[in-house]
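> Below is one structure. I have some questions about it.
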Amino acid sequence: MSSDLLLQAGLFLLMLFMFLAMHDIPKNFIAKLRLKSRADLQANRHFVYGAQLLSKARSSPNSRSLAKQAQSQAELAIAINPNDAASHILKSLSLDLQGLKSSALDSLDVALSPPAVASLADSEKADALFKRAELKFGMMSRQRGRVDSVIEDLTQSVELGKGCCNNVKLYCLLGECYKVKKMRHEAMLAYQQALKIDPASALAKAGIDRMN
């Protein structure tokens with residue numbers, strides 16, 4: 001008789017613990033979701049404010065100070081959500097405007113590497129790859145042997161555009177890279193593609209003229 005009572009009591013306690021556990025999981029999940037939503041909202045606020053500052057910096061005589069503030073906002077967003085590539089890209093653009101090319105490139109490398117790169121759409125990744133290629137090409141005089149890496153970024157950017165890339169500067173930069181490698185045919189094709197997009201492109205015409 002006593003053993004039956006103990007068994008029943010044990011079963012009751014087991015059911016009680018299971019009931020509490022089952023009802024505690026949704027509460028924990030909702031609490032975590034709320035915290036995540038608040039954190040994402042705060043990160044987005046920093047990002048939007050930083051983007052506004054960067055936009056102002058590009059047309060202001062006080063560009064360096066505003067770019068520094070934009071960088072700070074990007075870093076606050078990154079501290080909250082380090083896996084959001086957009087914030088790393090914002091930081092890179094801010095650093096670039098301050099003339100800190102190497103640091104800007106480092107931030108783009110983070111944005112284009114896992115896990116952050118997973119947050120980018122193909123078109124966004126294509127834009128980031130083009131920007132990284134520009135930075136690399138601009139630093140080639142100090143860091144030789146980077147041209148193959150620049151070409152890789154540019155061709156990947158074109159592929160991500162699924163054949164619809166309309167970036168004249170991209171093809172002109174690709175032409176410059178092929179010229180560095182003394183690949184005249186490929187360089188000419190790149191400049192011609194730029195002219196297909198914009199027949200009036202002075203940049204593409206100048207590139208072709210230098211080939212002759």
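By convention in this document, the chains of the structure tokens carry letters A, B, ... by their order, each chain's residues are numbered from 1, and ligands are numbered from 1 in the order they are shown.
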Region 105-152 of chain A near region 165-183 of chain A within 7 Å: what's each residue's closest atom pair and its distance in Å to one decimal, counting only C-alpha atoms, ordered by chain then ascending residue number, as a tab-separated table?

residue	atom	partner	partner_atom	distance
A:Phe130	CA	A:Leu170	CA	6.7
A:Val147	CA	A:Cys177	CA	6.2
A:Ile151	CA	A:Leu174	CA	6.4
> I'd like the contact shell of region 79-86 of chain A - 9 Å cut-off, only C-alpha atoms, skipping same-chain residues fewer than 4 positions apart - returned as a list in words.
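My list of contacting residues is Ala39, Asp40, Gln42, Ala43, Phe47, Ala74, Glu75, Leu90, Lys91, Leu108, Val110, Ala111, Leu112, Ser113, Pro114, Pro115, Ala116, Val117, Ala118, Ser119, Leu120 and Glu124 of chain A.
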> Generate the output file for the selected residues, N, CA and C atoms, as a PDB file, in the first residue's frame.

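Dumped to out30.pdb:
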ATOM      1  N   ALA A  39      17.631  44.263 -29.446  1.00  0.00           N
ATOM      2  CA  ALA A  39      19.034  44.411 -29.848  1.00  0.00           C
ATOM      3  C   ALA A  39      19.128  44.747 -31.333  1.00  0.00           C
ATOM      4  N   ASP A  40      18.343  44.044 -32.169  1.00  0.00           N
ATOM      5  CA  ASP A  40      18.356  44.311 -33.606  1.00  0.00           C
ATOM      6  C   ASP A  40      17.891  45.734 -33.894  1.00  0.00           C
ATOM      7  N   GLN A  42      18.132  48.341 -31.920  1.00  0.00           N
ATOM      8  CA  GLN A  42      19.188  49.263 -31.510  1.00  0.00           C
ATOM      9  C   GLN A  42      20.325  49.270 -32.527  1.00  0.00           C
ATOM     10  N   ALA A  43      20.705  48.094 -33.009  1.00  0.00           N
ATOM     11  CA  ALA A  43      21.755  48.003 -34.022  1.00  0.00           C
ATOM     12  C   ALA A  43      21.341  48.738 -35.294  1.00  0.00           C
ATOM     13  N   PHE A  47      23.081  51.895 -37.242  1.00  0.00           N
ATOM     14  CA  PHE A  47      23.438  51.778 -38.658  1.00  0.00           C
ATOM     15  C   PHE A  47      22.834  52.917 -39.478  1.00  0.00           C
ATOM     16  N   ALA A  74      28.868  52.734 -36.730  1.00  0.00           N
ATOM     17  CA  ALA A  74      29.019  51.396 -37.322  1.00  0.00           C
ATOM     18  C   ALA A  74      29.585  50.417 -36.298  1.00  0.00           C
ATOM     19  N   GLU A  75      30.561  50.870 -35.537  1.00  0.00           N
ATOM     20  CA  GLU A  75      31.176  50.005 -34.521  1.00  0.00           C
ATOM     21  C   GLU A  75      30.194  49.662 -33.402  1.00  0.00           C
ATOM     22  N   LEU A  90      29.586  49.684 -43.822  1.00  0.00           N
ATOM     23  CA  LEU A  90      29.490  51.091 -43.408  1.00  0.00           C
ATOM     24  C   LEU A  90      30.784  51.542 -42.742  1.00  0.00           C
ATOM     25  N   LYS A  91      31.329  50.697 -41.886  1.00  0.00           N
ATOM     26  CA  LYS A  91      32.598  51.033 -41.233  1.00  0.00           C
ATOM     27  C   LYS A  91      33.713  51.181 -42.267  1.00  0.00           C
ATOM     28  N   LEU A 108      36.037  45.330 -45.004  1.00  0.00           N
ATOM     29  CA  LEU A 108      35.359  44.686 -46.133  1.00  0.00           C
ATOM     30  C   LEU A 108      35.646  43.192 -46.159  1.00  0.00           C
ATOM     31  N   VAL A 110      36.000  41.312 -43.597  1.00  0.00           N
ATOM     32  CA  VAL A 110      35.103  40.723 -42.591  1.00  0.00           C
ATOM     33  C   VAL A 110      33.690  40.599 -43.158  1.00  0.00           C
ATOM     34  N   ALA A 111      33.232  41.654 -43.843  1.00  0.00           N
ATOM     35  CA  ALA A 111      31.880  41.654 -44.413  1.00  0.00           C
ATOM     36  C   ALA A 111      31.702  40.557 -45.454  1.00  0.00           C
ATOM     37  N   LEU A 112      32.786  40.252 -46.175  1.00  0.00           N
ATOM     38  CA  LEU A 112      32.713  39.277 -47.264  1.00  0.00           C
ATOM     39  C   LEU A 112      33.168  37.885 -46.846  1.00  0.00           C
ATOM     40  N   SER A 113      33.289  37.661 -45.548  1.00  0.00           N
ATOM     41  CA  SER A 113      33.680  36.350 -45.014  1.00  0.00           C
ATOM     42  C   SER A 113      32.556  35.819 -44.126  1.00  0.00           C
ATOM     43  N   PRO A 114      32.488  34.472 -43.976  1.00  0.00           N
ATOM     44  CA  PRO A 114      31.490  33.907 -43.062  1.00  0.00           C
ATOM     45  C   PRO A 114      31.785  34.351 -41.634  1.00  0.00           C
ATOM     46  N   PRO A 115      30.763  34.541 -40.802  1.00  0.00           N
ATOM     47  CA  PRO A 115      29.338  34.343 -41.103  1.00  0.00           C
ATOM     48  C   PRO A 115      28.649  35.576 -41.659  1.00  0.00           C
ATOM     49  N   ALA A 116      29.323  36.742 -41.657  1.00  0.00           N
ATOM     50  CA  ALA A 116      28.657  37.995 -42.034  1.00  0.00           C
ATOM     51  C   ALA A 116      28.155  37.981 -43.475  1.00  0.00           C
ATOM     52  N   VAL A 117      28.925  37.375 -44.382  1.00  0.00           N
ATOM     53  CA  VAL A 117      28.567  37.417 -45.808  1.00  0.00           C
ATOM     54  C   VAL A 117      27.204  36.787 -46.073  1.00  0.00           C
ATOM     55  N   ALA A 118      26.760  35.893 -45.206  1.00  0.00           N
ATOM     56  CA  ALA A 118      25.459  35.241 -45.395  1.00  0.00           C
ATOM     57  C   ALA A 118      24.300  36.231 -45.302  1.00  0.00           C
ATOM     58  N   SER A 119      24.534  37.394 -44.708  1.00  0.00           N
ATOM     59  CA  SER A 119      23.468  38.395 -44.553  1.00  0.00           C
ATOM     60  C   SER A 119      23.314  39.275 -45.793  1.00  0.00           C
ATOM     61  N   LEU A 120      24.183  39.091 -46.798  1.00  0.00           N
ATOM     62  CA  LEU A 120      24.141  39.926 -48.001  1.00  0.00           C
ATOM     63  C   LEU A 120      23.374  39.252 -49.131  1.00  0.00           C
ATOM     64  N   GLU A 124      24.100  42.999 -53.249  1.00  0.00           N
ATOM     65  CA  GLU A 124      24.871  43.693 -52.210  1.00  0.00           C
ATOM     66  C   GLU A 124      26.294  43.146 -52.144  1.00  0.00           C
TER      67      GLU A 124
END
> From the list A:Asp106, A:Asp198, A:Asp153, A:Leu41, which residue is nearest Ala126 (chain A) when using only C-alpha atoms?
A:Asp153
> Could you name the residues that touch Ala133 (chain A) at 7 Å or less, counting only C-alpha atoms, but leaving out those on the same chain fewer than 3 positions away, as a PyMOL selection string?
chain A and resi 129-130+136-137+150+153-154
> What is the distance between CA of Asp209 (chain A) and CA of Asp127 (chain A), in Å to one decimal?
27.6 Å
